[in-house]
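What's in entry-v9.cif: mmCIF, C-alpha atoms
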```
data_input
loop_
_atom_site.label_atom_id
_atom_site.label_comp_id
_atom_site.auth_asym_id
_atom_site.auth_seq_id
_atom_site.Cartn_x
_atom_site.Cartn_y
_atom_site.Cartn_z
CA MET A 1 -7.15 -26.50 8.45
CA PRO A 2 -9.15 -29.59 7.45
CA VAL A 3 -11.65 -29.24 4.64
CA GLN A 4 -15.35 -29.40 5.39
CA ARG A 5 -17.04 -31.04 2.41
CA ALA A 6 -19.46 -28.95 0.35
CA VAL A 7 -23.15 -29.44 0.82
CA ALA A 8 -25.39 -29.88 -2.20
CA ASP A 9 -27.11 -26.52 -1.83
CA ALA A 10 -23.95 -24.46 -1.25
CA SER A 11 -24.52 -20.85 -2.30
CA PHE A 12 -22.30 -17.81 -2.68
CA ALA A 13 -22.98 -14.10 -2.34
CA TYR A 14 -20.88 -13.34 -5.43
CA ASP A 15 -20.52 -15.11 -8.74
CA THR A 16 -16.86 -14.20 -8.89
CA ALA A 17 -14.06 -12.47 -7.04
CA VAL A 18 -11.30 -10.78 -9.03
CA VAL A 19 -7.99 -10.67 -7.17
CA GLY A 20 -5.89 -7.78 -8.46
CA LEU A 21 -7.59 -4.73 -9.98
CA GLY A 22 -4.94 -3.54 -12.40
CA TYR A 23 -4.88 -3.26 -16.19
CA VAL A 24 -6.26 -6.80 -16.49
CA GLY A 25 -8.29 -7.34 -13.34
CA LEU A 26 -10.38 -4.18 -13.39
CA PRO A 27 -11.59 -4.46 -17.01
CA THR A 28 -12.32 -8.13 -16.36
CA ALA A 29 -14.35 -7.31 -13.26
CA LEU A 30 -16.28 -4.61 -15.15
CA ALA A 31 -17.04 -6.90 -18.09
CA LEU A 32 -18.31 -9.63 -15.77
CA HIS A 33 -20.46 -7.17 -13.85
CA ASP A 34 -21.78 -5.67 -17.07
CA SER A 35 -22.92 -9.16 -18.11
CA GLY A 36 -25.12 -9.35 -15.02
CA LEU A 37 -22.84 -11.18 -12.57
CA ARG A 38 -22.20 -10.25 -8.96
CA VAL A 39 -18.56 -9.23 -8.61
CA LEU A 40 -16.26 -8.81 -5.62
CA GLY A 41 -13.11 -6.86 -6.52
CA LEU A 42 -10.11 -7.44 -4.25
CA ASP A 43 -6.86 -5.48 -4.24
CA VAL A 44 -4.22 -5.22 -1.52
CA SER A 45 -3.70 -1.53 -2.32
CA GLU A 46 -6.12 0.83 -0.61
CA ALA A 47 -4.75 3.59 -2.84
CA ARG A 48 -5.71 1.63 -5.96
CA ILE A 49 -9.20 1.03 -4.62
CA ALA A 50 -9.52 4.74 -3.82
CA ASP A 51 -8.45 5.64 -7.37
CA ILE A 52 -11.03 3.24 -8.82
CA ARG A 53 -13.81 4.62 -6.64
CA ALA A 54 -12.81 8.14 -7.69
CA GLY A 55 -12.91 7.15 -11.36
CA ARG A 56 -9.19 7.80 -11.84
CA ALA A 57 -8.35 4.38 -13.31
CA ASP A 58 -6.81 4.32 -16.79
CA LEU A 59 -9.52 2.65 -18.88
CA LEU A 60 -11.01 2.60 -22.35
CA ALA A 61 -14.03 4.87 -22.79
CA ALA A 62 -16.43 1.93 -22.72
CA ASP A 63 -14.90 0.61 -19.50
CA ARG A 64 -15.06 4.07 -17.91
CA GLN A 65 -18.80 4.02 -18.58
CA ARG A 66 -19.07 0.53 -17.09
CA LEU A 67 -17.13 1.68 -14.04
CA ALA A 68 -19.39 4.69 -13.53
CA SER A 69 -22.44 2.44 -13.74
CA ALA A 70 -20.95 -0.17 -11.41
CA LEU A 71 -20.00 2.45 -8.83
CA THR A 72 -23.48 3.96 -8.98
CA THR A 73 -25.54 0.82 -8.45
CA GLY A 74 -23.12 -1.90 -7.38
CA PRO A 75 -22.50 -0.92 -3.74
CA ASP A 76 -26.23 -0.51 -3.09
CA ASP A 77 -27.47 -3.77 -4.58
CA GLY A 78 -24.31 -5.70 -3.70
CA SER A 79 -23.51 -6.54 -7.31
CA PHE A 80 -20.15 -4.73 -7.43
CA VAL A 81 -18.12 -4.39 -4.27
CA LEU A 82 -14.48 -3.31 -3.87
CA THR A 83 -12.46 -4.45 -0.87
CA SER A 84 -8.96 -5.08 0.44
CA GLU A 85 -10.21 -7.75 2.86
CA ALA A 86 -9.04 -11.16 1.66
CA GLY A 87 -11.29 -12.77 4.25
CA ARG A 88 -14.24 -12.11 1.96
CA LEU A 89 -13.01 -14.49 -0.76
CA PRO A 90 -15.14 -17.41 0.56
CA GLU A 91 -18.18 -15.38 -0.51
CA ALA A 92 -17.35 -15.90 -4.19
CA GLU A 93 -18.09 -18.99 -6.25
CA THR A 94 -15.15 -18.35 -8.59
CA VAL A 95 -11.86 -16.62 -7.79
CA LEU A 96 -9.89 -15.11 -10.68
CA VAL A 97 -6.25 -14.29 -9.92
CA CYS A 98 -5.20 -11.32 -12.09
CA VAL A 99 -1.95 -9.99 -10.61
CA PRO A 100 1.18 -8.78 -12.42
CA THR A 101 4.06 -11.13 -13.17
CA PRO A 102 7.10 -8.94 -13.90
CA ILE A 103 10.78 -9.84 -14.14
CA ASP A 104 13.61 -8.67 -11.89
CA GLU A 105 16.87 -6.96 -12.80
CA HIS A 106 18.37 -10.36 -13.62
CA LEU A 107 15.55 -11.15 -16.10
CA ALA A 108 14.22 -13.84 -13.77
CA PRO A 109 10.52 -14.13 -12.92
CA ASP A 110 9.38 -12.00 -10.00
CA LEU A 111 6.65 -14.18 -8.54
CA THR A 112 6.19 -12.13 -5.37
CA ALA A 113 2.68 -10.86 -6.17
CA LEU A 114 1.57 -14.12 -7.78
CA ARG A 115 2.73 -16.30 -4.89
CA ALA A 116 1.02 -14.00 -2.39
CA ALA A 117 -2.24 -13.93 -4.36
CA CYS A 118 -2.32 -17.70 -4.85
CA ARG A 119 -1.46 -18.29 -1.22
CA THR A 120 -4.33 -16.01 -0.19
CA ALA A 121 -6.74 -17.77 -2.54
CA VAL A 122 -5.76 -21.19 -1.18
CA GLU A 123 -5.95 -20.10 2.46
CA HIS A 124 -9.50 -18.84 1.99
CA ALA A 125 -10.69 -21.51 -0.42
CA VAL A 126 -13.95 -23.29 0.42
CA PRO A 127 -15.63 -26.35 -1.07
CA GLY A 128 -17.48 -25.70 -4.31
CA GLN A 129 -15.21 -22.87 -5.42
CA THR A 130 -13.35 -22.60 -8.72
CA LEU A 131 -9.91 -20.98 -8.65
CA VAL A 132 -8.65 -19.62 -11.96
CA LEU A 133 -5.16 -18.29 -12.58
CA THR A 134 -5.00 -15.74 -15.44
CA SER A 135 -1.55 -14.19 -14.89
CA THR A 136 1.17 -15.12 -17.37
CA THR A 137 3.64 -17.52 -15.80
CA TYR A 138 5.86 -20.56 -16.32
CA VAL A 139 4.60 -23.99 -17.34
CA GLY A 140 3.58 -25.90 -14.22
CA CYS A 141 2.91 -22.84 -12.06
CA THR A 142 -0.81 -23.54 -11.63
CA ARG A 143 -0.04 -26.94 -10.15
CA ASP A 144 2.78 -25.54 -8.01
CA LEU A 145 0.88 -22.58 -6.53
CA LEU A 146 -2.74 -23.79 -6.52
CA VAL A 147 -3.20 -27.52 -7.06
CA GLY A 148 -0.48 -28.73 -4.69
CA PRO A 149 -1.34 -26.38 -1.80
CA LEU A 150 -5.06 -27.15 -2.15
CA ARG A 151 -4.36 -30.87 -1.90
CA GLU A 152 -2.25 -30.21 1.19
CA ARG A 153 -5.33 -28.61 2.71
CA GLY A 154 -7.29 -31.80 2.00
CA PHE A 155 -9.19 -30.76 -1.10
CA GLU A 156 -9.75 -33.18 -3.96
CA VAL A 157 -9.31 -31.04 -7.07
CA GLY A 158 -12.03 -31.74 -9.60
CA VAL A 159 -14.40 -33.08 -6.95
CA ASP A 160 -14.91 -30.53 -4.17
CA ILE A 161 -12.84 -27.69 -5.59
CA PHE A 162 -11.89 -26.77 -9.15
CA VAL A 163 -8.75 -25.27 -10.70
CA ALA A 164 -7.97 -23.90 -14.16
CA PHE A 165 -5.58 -21.65 -16.05
CA ALA A 166 -7.10 -19.14 -18.49
CA PRO A 167 -4.52 -16.60 -19.70
CA GLU A 168 -5.74 -13.03 -20.00
CA ARG A 169 -6.09 -11.47 -23.43
CA ILE A 170 -6.57 -7.78 -22.77
CA ASP A 171 -4.93 -5.19 -25.02
CA PRO A 172 -4.77 -1.97 -22.95
CA GLY A 173 -5.72 1.17 -24.83
CA ASN A 174 -7.01 -0.74 -27.86
CA ASP A 175 -10.76 -0.65 -28.41
CA ARG A 176 -10.51 -2.69 -31.63
CA HIS A 177 -10.00 -5.89 -29.63
CA VAL A 178 -12.41 -5.62 -26.71
CA GLN A 179 -12.32 -8.68 -24.50
CA GLN A 180 -15.99 -9.48 -25.09
CA GLN A 181 -15.04 -10.36 -28.68
CA VAL A 182 -11.72 -12.11 -28.07
CA PRO A 183 -11.65 -15.90 -27.53
CA ARG A 184 -10.21 -17.21 -24.27
CA VAL A 185 -8.14 -20.36 -23.80
CA VAL A 186 -8.89 -22.57 -20.80
CA GLY A 187 -6.98 -25.52 -19.43
CA GLY A 188 -8.27 -27.31 -16.35
CA VAL A 189 -7.08 -30.03 -14.00
CA THR A 190 -10.21 -32.01 -14.94
CA SER A 191 -12.98 -31.66 -17.48
CA GLU A 192 -15.29 -30.38 -14.77
CA CYS A 193 -12.74 -27.64 -13.97
CA VAL A 194 -12.82 -26.59 -17.63
CA LYS A 195 -16.61 -26.68 -17.73
CA ARG A 196 -17.03 -24.43 -14.70
CA THR A 197 -14.37 -21.96 -15.82
CA ALA A 198 -15.77 -21.79 -19.34
CA ALA A 199 -19.24 -21.11 -17.97
CA LEU A 200 -17.90 -18.02 -16.22
CA LEU A 201 -15.63 -16.72 -18.99
CA GLU A 202 -18.37 -16.98 -21.59
CA HIS A 203 -19.82 -13.89 -19.89
CA CYS A 204 -16.79 -11.78 -20.88
CA ALA A 205 -15.22 -13.50 -23.91
CA GLY A 206 -16.11 -14.00 -27.54
CA SER A 207 -15.75 -17.76 -27.13
CA VAL A 208 -13.84 -20.30 -25.07
CA HIS A 209 -11.27 -22.69 -26.50
CA ALA A 210 -10.49 -25.62 -24.20
CA VAL A 211 -7.09 -27.34 -24.20
CA SER A 212 -6.08 -30.63 -22.66
CA SER A 213 -4.31 -29.37 -19.53
CA VAL A 214 -3.35 -26.36 -17.46
CA GLU A 215 0.18 -26.74 -18.81
CA ALA A 216 -1.02 -26.47 -22.42
CA ALA A 217 -2.86 -23.25 -21.53
CA GLU A 218 0.21 -21.85 -19.77
CA MET A 219 2.39 -22.59 -22.80
CA THR A 220 -0.20 -21.05 -25.11
CA LYS A 221 0.25 -17.65 -23.46
CA LEU A 222 4.04 -17.91 -23.56
CA TYR A 223 3.91 -18.84 -27.24
CA GLU A 224 1.62 -15.91 -28.07
CA ASN A 225 3.89 -13.26 -26.61
CA THR A 226 7.16 -14.90 -27.65
CA PHE A 227 5.81 -14.95 -31.20
CA ARG A 228 5.33 -11.19 -30.99
CA ALA A 229 8.78 -10.60 -29.49
CA VAL A 230 10.52 -12.58 -32.24
CA ASN A 231 8.64 -10.81 -35.02
CA ILE A 232 9.16 -7.35 -33.53
CA SER A 233 12.90 -7.99 -33.27
CA MET A 234 12.89 -8.99 -36.95
CA ALA A 235 10.94 -5.87 -37.91
CA ASN A 236 13.49 -3.74 -36.05
CA GLU A 237 16.35 -5.45 -37.85
CA PHE A 238 14.70 -4.94 -41.24
CA ALA A 239 14.19 -1.27 -40.34
CA ASP A 240 17.93 -0.88 -39.78
CA ILE A 241 18.68 -2.69 -43.05
CA SER A 242 16.16 -0.59 -44.97
CA ARG A 243 17.55 2.70 -43.68
CA GLY A 244 21.00 1.63 -44.86
CA LEU A 245 19.55 0.92 -48.30
CA GLY A 246 17.57 4.14 -48.42
CA LEU A 247 14.21 2.41 -48.17
CA ASP A 248 11.09 3.24 -46.15
CA ILE A 249 10.46 0.18 -43.98
CA THR A 250 6.83 1.18 -43.36
CA GLU A 251 6.19 1.18 -47.09
CA VAL A 252 7.82 -2.24 -47.39
CA ILE A 253 5.82 -3.79 -44.54
CA THR A 254 2.56 -2.28 -45.77
CA ALA A 255 3.22 -3.71 -49.22
CA ALA A 256 4.06 -7.15 -47.80
CA ALA A 257 0.84 -7.06 -45.78
CA THR A 258 -1.20 -7.05 -48.97
CA LYS A 259 -0.43 -10.77 -49.21
CA PRO A 260 -3.59 -12.49 -47.94
CA TYR A 261 -1.82 -15.56 -46.56
CA GLY A 262 1.40 -16.50 -44.79
CA PHE A 263 2.17 -12.98 -43.52
CA MET A 264 1.30 -10.86 -40.49
CA PRO A 265 2.57 -7.25 -40.26
CA PHE A 266 4.78 -6.23 -37.35
CA PHE A 267 6.22 -2.72 -37.27
CA PRO A 268 9.53 -1.50 -35.82
CA GLY A 269 9.89 0.94 -32.96
CA PRO A 270 12.07 2.14 -30.07
CA GLY A 271 11.66 -1.08 -28.11
CA VAL A 272 8.80 -2.79 -26.32
CA GLY A 273 7.14 -2.11 -23.00
CA GLY A 274 4.20 -3.11 -20.89
CA HIS A 275 3.52 -6.32 -19.03
CA CYS A 276 3.77 -8.86 -21.86
CA ILE A 277 6.48 -8.82 -24.52
CA PRO A 278 9.46 -7.57 -22.46
CA CYS A 279 8.66 -9.99 -19.62
CA ASP A 280 6.72 -13.09 -20.62
CA PRO A 281 9.32 -14.83 -22.84
CA HIS A 282 11.78 -14.64 -19.94
CA TYR A 283 9.48 -16.91 -17.92
CA LEU A 284 10.03 -19.56 -20.57
CA LEU A 285 13.77 -18.89 -20.90
CA TRP A 286 14.18 -19.03 -17.11
CA GLN A 287 12.46 -22.41 -17.00
CA LEU A 288 14.51 -23.74 -19.91
CA ARG A 289 17.77 -22.63 -18.30
CA GLY A 290 16.79 -24.57 -15.20
CA ASP A 291 16.38 -27.65 -17.38
CA ARG A 292 19.63 -26.84 -19.26
CA VAL A 293 17.76 -26.46 -22.52
CA SER A 294 18.82 -23.74 -24.97
CA SER A 295 16.52 -21.71 -27.19
CA PRO A 296 18.84 -19.63 -29.39
CA LEU A 297 16.14 -17.98 -31.50
CA ILE A 298 14.17 -16.71 -28.50
CA GLU A 299 17.31 -15.71 -26.63
CA THR A 300 18.57 -13.71 -29.59
CA ALA A 301 15.22 -12.03 -30.13
CA MET A 302 14.98 -10.95 -26.49
CA THR A 303 18.56 -9.65 -26.58
CA LEU A 304 17.72 -7.57 -29.65
CA VAL A 305 14.51 -6.30 -28.07
CA ALA A 306 16.37 -5.27 -24.92
CA GLY A 307 19.06 -3.49 -26.93
CA ARG A 308 16.69 -1.31 -28.96
CA PRO A 309 16.71 1.72 -26.58
CA THR A 310 20.51 1.80 -26.84
CA LYS A 311 20.17 2.06 -30.63
CA VAL A 312 17.82 5.02 -30.17
CA VAL A 313 20.45 6.87 -28.16
CA GLN A 314 23.20 6.02 -30.66
CA ARG A 315 21.01 7.29 -33.48
CA ALA A 316 20.23 10.46 -31.51
CA VAL A 317 23.96 11.16 -31.21
CA GLU A 318 24.30 10.68 -34.99
CA VAL A 319 21.39 13.02 -35.81
CA LEU A 320 22.78 15.72 -33.55
CA ALA A 321 26.26 15.28 -35.00
CA GLU A 322 24.85 15.77 -38.51
CA ARG A 323 23.80 19.24 -37.29
CA GLU A 324 27.19 19.78 -35.64
CA THR A 325 25.63 19.60 -32.19
CA CYS A 326 27.25 17.64 -29.37
CA ILE A 327 25.14 15.35 -27.23
CA VAL A 328 26.71 16.90 -24.12
CA GLY A 329 24.49 19.76 -23.08
CA ALA A 330 22.00 19.19 -25.91
CA ARG A 331 18.35 20.00 -25.17
CA VAL A 332 16.45 16.80 -25.96
CA LEU A 333 12.71 16.25 -25.63
CA ILE A 334 11.05 12.82 -25.59
CA ARG A 335 7.61 13.01 -27.25
CA GLY A 336 5.56 10.46 -25.28
CA VAL A 337 6.81 8.12 -22.55
CA ALA A 338 3.92 5.66 -22.25
CA TYR A 339 4.86 2.24 -23.59
CA LYS A 340 2.12 2.41 -26.26
CA PRO A 341 -0.41 4.90 -27.63
CA GLY A 342 -3.63 5.40 -25.71
CA VAL A 343 -2.47 4.33 -22.24
CA ALA A 344 -0.89 6.07 -19.25
CA ASP A 345 1.20 2.99 -18.49
CA VAL A 346 4.99 3.39 -18.36
CA ARG A 347 5.84 -0.11 -17.13
CA GLU A 348 8.96 -1.33 -18.96
CA SER A 349 8.62 1.63 -21.32
CA PRO A 350 11.71 2.00 -23.55
CA ALA A 351 11.41 5.76 -23.02
CA LEU A 352 12.65 5.43 -19.45
CA GLU A 353 15.86 3.71 -20.49
CA ILE A 354 16.29 6.15 -23.37
CA ILE A 355 16.02 9.09 -20.97
CA GLU A 356 18.49 7.54 -18.56
CA ARG A 357 21.04 6.76 -21.28
CA LEU A 358 20.73 10.23 -22.80
CA ARG A 359 21.34 11.83 -19.42
CA ARG A 360 24.35 9.61 -18.86
CA ALA A 361 25.68 10.80 -22.22
CA GLY A 362 25.43 14.39 -21.00
CA ALA A 363 22.19 15.52 -22.62
CA ARG A 364 19.59 17.61 -20.85
CA VAL A 365 16.35 15.68 -21.20
CA TRP A 366 12.67 16.55 -20.85
CA PHE A 367 9.50 14.75 -21.88
CA THR A 368 5.96 15.61 -22.89
CA ASP A 369 3.00 13.24 -22.63
CA GLU A 370 -0.70 14.11 -22.37
CA LEU A 371 -1.46 11.00 -20.33
CA VAL A 372 1.59 10.87 -18.04
CA ASP A 373 2.26 13.70 -15.60
CA THR A 374 5.51 12.51 -14.05
CA VAL A 375 8.09 9.76 -14.37
CA ARG A 376 10.97 8.78 -12.13
CA VAL A 377 14.23 7.87 -13.85
CA ALA A 378 17.33 6.86 -11.85
CA GLY A 379 15.87 8.48 -8.73
CA VAL A 380 15.03 11.78 -10.45
CA GLU A 381 11.42 12.84 -10.99
CA LEU A 382 10.62 14.53 -14.29
CA THR A 383 7.44 16.43 -15.06
CA SER A 384 5.74 16.55 -18.45
CA VAL A 385 6.26 19.72 -20.48
CA VAL A 386 2.83 21.22 -21.08
CA GLU A 387 3.71 23.41 -24.09
CA PRO A 388 6.52 21.64 -25.93
CA GLY A 389 6.28 23.95 -28.93
CA SER A 390 7.40 26.96 -26.91
CA THR A 391 10.99 25.74 -26.35
CA ASP A 392 13.92 25.61 -28.76
CA TRP A 393 14.90 21.95 -28.70
CA ASP A 394 18.08 20.64 -30.28
CA LEU A 395 16.33 17.31 -30.85
CA VAL A 396 12.90 15.80 -30.33
CA ILE A 397 12.71 12.01 -30.14
CA VAL A 398 9.21 10.84 -31.04
CA HIS A 399 8.59 7.78 -28.87
CA THR A 400 4.78 7.63 -28.44
CA VAL A 401 2.00 9.56 -30.13
CA HIS A 402 -1.40 9.16 -28.47
CA PRO A 403 -4.60 9.13 -30.56
CA GLY A 404 -5.68 12.69 -31.33
CA ALA A 405 -2.42 14.24 -30.12
CA ASP A 406 -1.34 17.47 -31.83
CA VAL A 407 2.21 17.12 -33.14
CA SER A 408 2.06 19.98 -35.63
CA TRP A 409 4.64 21.88 -33.56
CA LEU A 410 7.24 19.34 -34.65
CA SER A 411 7.44 21.08 -38.02
CA ALA A 412 9.30 23.95 -36.32
CA VAL A 413 11.83 21.68 -34.56
CA PRO A 414 15.20 21.59 -36.38
CA ALA A 415 15.84 17.89 -35.71
CA VAL A 416 13.28 15.14 -35.15
CA LEU A 417 14.12 11.47 -34.61
CA ASP A 418 11.04 9.42 -35.40
CA THR A 419 11.21 6.03 -33.65
CA THR A 420 7.58 5.28 -34.57
CA TYR A 421 8.21 5.33 -38.34
CA ARG A 422 4.75 6.88 -38.68
CA LEU A 423 5.51 10.60 -39.29
CA GLY A 424 6.12 10.31 -42.99
CA GLU A 425 4.57 13.71 -43.64
CA LEU A 426 7.33 15.37 -41.59
CA THR A 427 9.88 15.78 -44.36
CA HIS A 428 12.80 16.89 -42.19
CA ARG A 429 12.58 13.98 -39.79
CA SER A 430 15.18 11.26 -39.33
CA VAL A 431 14.17 7.68 -38.63
CA LEU A 432 15.66 5.26 -36.16
#
```
Show me the file's structure as structure tokens.
Amino acid sequence: MPVQRAVADASFAYDTAVVGLGYVGLPTALALHDSGLRVLGLDVSEARIADIRAGRADLLAADRQRLASALTTGPDDGSFVLTSEAGRLPEAETVLVCVPTPIDEHLAPDLTALRAACRTAVEHAVPGQTLVLTSTTYVGCTRDLLVGPLRERGFEVGVDIFVAFAPERIDPGNDRHVQQQVPRVVGGVTSECVKRTAALLEHCAGSVHAVSSVEAAEMTKLYENTFRAVNISMANEFADISRGLGLDITEVITAAATKPYGFMPFFPGPGVGGHCIPCDPHYLLWQLRGDRVSSPLIETAMTLVAGRPTKVVQRAVEVLAERETCIVGARVLIRGVAYKPGVADVRESPALEIIERLRRAGARVWFTDELVDTVRVAGVELTSVVEPGSTDWDLVIVHTVHPGADVSWLSAVPAVLDTTYRLGELTHRSVL
């Protein structure tokens, strides 16, 4: 469809539309609305929209308050509207694409949701709009999925429509790094693209740091999360070394962190989950493989990260054997299945692989988690144990401990495998 050029007094009903109302999109929409902007929230899932309207979304306490306020006044004054109708996107001056970018079983990028969201944004784009991609992706994706298709429609990017990449920086479940205080990186196709995007993001970010291109911004996000993956894999390796030497790795890391320069503490664990560390570096590795470029450090780190749940199961077998208990038929409880404390998110959670591998080894496995009612592992649905202290477990594997959770009942469990390295007061525990 040919583009009709924008008129000078073009106006929009909404300051911004947020496409995708998940763990990134919904908090972003709430922060923008809380700053006084008119927000249109778009999600293809009617069930997700229903959950948000019912207040069932997994949010920080502050965001739950913002949601309650937005749902109370927003629909009436038109300042906060939720919809599944993509045809309403032309009503928004800026469109933020905030959809998940997972990987498939072959560790290749799964761009299904991102392609669909970008295609929808391009199809409904109108002159004067700014389209901003925030989802983590490969270098060059913004040009492939937004810039190129917009030009095919007849738009002149930087003149009658504007495009930028501004990677999200939301830490689910962590109220110490609220997005209103965290700087945002922006890379635009032109300086005007950067200017318009920065003007919007300043409403929900501590500051805006502009880079020279959309590609630089895309690589920034990949670098951030690859940095974390590499350092976590090293922390895990040092944990294994320290256990062999009879040392407490948490004590060692805490001591090293007293150095005020040249060091950042990373702590070991059962693996990594969520939407960033297990997935994002593979977007870079996938692109490098296509260019026949090797990255041995990153490849090794991601292999080690992926292998961590297997180590948990191997260690569980060892701990049981020390008590002359066979893994076959053993009653094993997983304490916490969310990928991190304070969230109900089980995406890429190491706990799921740990459960599956334990069951394959012949163990009988249950889980308990205050924030997660059920999980599905290898086609079998498991339900959280409400009173874990009332059962005689052969082994409890501590995977996630949510803030305020009562774990005093662990003192009566004969064998505890602590994969968090944080239960130092539990003298009879074993560490991973």
Selection: 8 Å around segment 298-304 of chain A, only C-alpha atoms, excl. self and same-chain fewer than 6 positions, as a VMD selection string: chain A and resid 226 229 to 230 233 to 234 278 281 285
Residue neighbourhood Val132 of chain A, 10 Å, all atoms listed in the file, exclusion window fewer than 5 positions, as a list in words: Val18, Thr94, Val95, Leu96, Val97, Cys98, Cys118, Ala121, Thr142, Leu146, Phe162, Val163, Ala164, Phe165, Ala166, Pro167, Val186, Gly187, Gly188, Cys193, Val194 and Thr197 of chain A
Could you give me the centre and size, in Å to one decimal, of an axis-aligned box around all listed atoms of segment 412-424 of chain A with 4 Å added on every side, as AutoDock Vina command-line options?
```
--center_x 10.3 --center_y 14.6 --center_z -38.3 --size_x 19.1 --size_y 26.7 --size_z 17.3
```
Atom pair atom CA of Lys340 of chain A / atom CA of Thr137 of chain A: separation (Å): 22.6 Å
Distance query 10 Å from (15.1, -18.8, -20.0) using only C-alpha atoms, result as a count of residues only: 20
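Between atom CA of Val182 of chain A and atom CA of Leu145 of chain A lies a distance of 27.1 Å.
Of note, atom CA of Trp393 of chain A and atom CA of Asn236 of chain A are spaced 26.8 Å apart.
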Could I get the residues of segment 114-232 of chain A with an atom no further than 12 Å from an atom of segment 36-58 of chain A, each paired with its nearest atom pair and that distance in Å to one decimal, using all atoms listed in the file, sorted by chain and residue number, as a Markdown table?
```
| residue | atom | partner | partner_atom | distance |
| --- | --- | --- | --- | --- |
| A:Ala116 | CA | A:Val44 | CA | 10.3 |
| A:Ala117 | CA | A:Val44 | CA | 9.4 |
| A:Thr120 | CA | A:Val44 | CA | 10.9 |
| A:Ala121 | CA | A:Leu42 | CA | 11.0 |
| A:Pro172 | CA | A:Asp58 | CA | 9.0 |
| A:Gly173 | CA | A:Asp58 | CA | 8.7 |
| A:Ala199 | CA | A:Leu37 | CA | 11.9 |
| A:Leu200 | CA | A:Leu37 | CA | 9.2 |
| A:Leu201 | CA | A:Leu37 | CA | 11.1 |
| A:Glu202 | CA | A:Leu37 | CA | 11.6 |
| A:His203 | CA | A:Leu37 | CA | 8.4 |
| A:Cys204 | CA | A:Leu37 | CA | 10.3 |
```
Residue members of the PyMOL selection byres ((chain A and resi 258-275) around 6) in the file shown, as a PyMOL selection string: chain A and resi 232+235-236+255-257+276+278+305+308-309+339+347-350+419-420
How would you write, as a tab-separated table (two decimals) with C-alpha atoms, in the coordinates of the input, the residues chosen by the PyMOL selection byres ((chain A and resi 170) around 7) on this structure?
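Produced file expr-v8.tsv, reproduced below:
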```tsv
chain	number	residue	atom	x	y	z
A	24	VAL	CA	-6.26	-6.80	-16.49
A	168	GLU	CA	-5.74	-13.03	-20.00
A	169	ARG	CA	-6.09	-11.47	-23.43
A	171	ASP	CA	-4.93	-5.19	-25.02
A	172	PRO	CA	-4.77	-1.97	-22.95
A	179	GLN	CA	-12.32	-8.68	-24.50
```
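Nearest to Thr254 of chain A of all the residues A:Val398, A:Ile103, A:Arg422, A:Arg196 is A:Arg422, based on all atoms listed in the file.
Distances from A:Arg376, A:His177, A:Arg360, A:His33 to Leu67 of chain A were compared using all atoms listed in the file, and the smallest one belongs to A:His33.
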Long-range neighbours of Ala412 of chain A as a PyMOL selection string, 10 Å cut-off, only C-alpha atoms, 2 positions minimum in chain: chain A and resi 389+392-393+408-410+414-416+428
Could you write segment 384-391 of chain A of the block just shown to a file containing N, CA, C and O atoms, as a PDB file, in the first residue's frame?
```pdb
ATOM      1  N   SER A 384       2.658 -28.333  43.024  1.00  0.00           N
ATOM      2  CA  SER A 384       3.487 -27.945  44.156  1.00  0.00           C
ATOM      3  C   SER A 384       2.989 -28.572  45.461  1.00  0.00           C
ATOM      4  O   SER A 384       1.787 -28.581  45.737  1.00  0.00           O
ATOM      5  N   VAL A 385       3.920 -29.075  46.238  1.00  0.00           N
ATOM      6  CA  VAL A 385       3.609 -29.630  47.562  1.00  0.00           C
ATOM      7  C   VAL A 385       3.398 -28.465  48.525  1.00  0.00           C
ATOM      8  O   VAL A 385       4.289 -27.624  48.696  1.00  0.00           O
ATOM      9  N   VAL A 386       2.246 -28.422  49.156  1.00  0.00           N
ATOM     10  CA  VAL A 386       1.898 -27.290  50.009  1.00  0.00           C
ATOM     11  C   VAL A 386       2.627 -27.337  51.344  1.00  0.00           C
ATOM     12  O   VAL A 386       3.083 -26.310  51.859  1.00  0.00           O
ATOM     13  N   GLU A 387       2.752 -28.523  51.933  1.00  0.00           N
ATOM     14  CA  GLU A 387       3.404 -28.672  53.236  1.00  0.00           C
ATOM     15  C   GLU A 387       4.596 -29.622  53.106  1.00  0.00           C
ATOM     16  O   GLU A 387       4.514 -30.797  53.472  1.00  0.00           O
ATOM     17  N   PRO A 388       5.702 -29.126  52.587  1.00  0.00           N
ATOM     18  CA  PRO A 388       6.848 -30.005  52.337  1.00  0.00           C
ATOM     19  C   PRO A 388       7.451 -30.596  53.593  1.00  0.00           C
ATOM     20  O   PRO A 388       8.082 -31.663  53.546  1.00  0.00           O
ATOM     21  N   GLY A 389       7.251 -29.958  54.740  1.00  0.00           N
ATOM     22  CA  GLY A 389       7.837 -30.470  55.973  1.00  0.00           C
ATOM     23  C   GLY A 389       7.123 -31.668  56.547  1.00  0.00           C
ATOM     24  O   GLY A 389       7.594 -32.266  57.522  1.00  0.00           O
ATOM     25  N   SER A 390       5.999 -32.059  55.968  1.00  0.00           N
ATOM     26  CA  SER A 390       5.213 -33.170  56.510  1.00  0.00           C
ATOM     27  C   SER A 390       5.542 -34.510  55.859  1.00  0.00           C
ATOM     28  O   SER A 390       4.916 -35.520  56.176  1.00  0.00           O
ATOM     29  N   THR A 391       6.510 -34.544  54.953  1.00  0.00           N
ATOM     30  CA  THR A 391       6.875 -35.778  54.242  1.00  0.00           C
ATOM     31  C   THR A 391       8.330 -36.139  54.542  1.00  0.00           C
ATOM     32  O   THR A 391       9.177 -35.259  54.684  1.00  0.00           O
TER      33      THR A 391
END
```
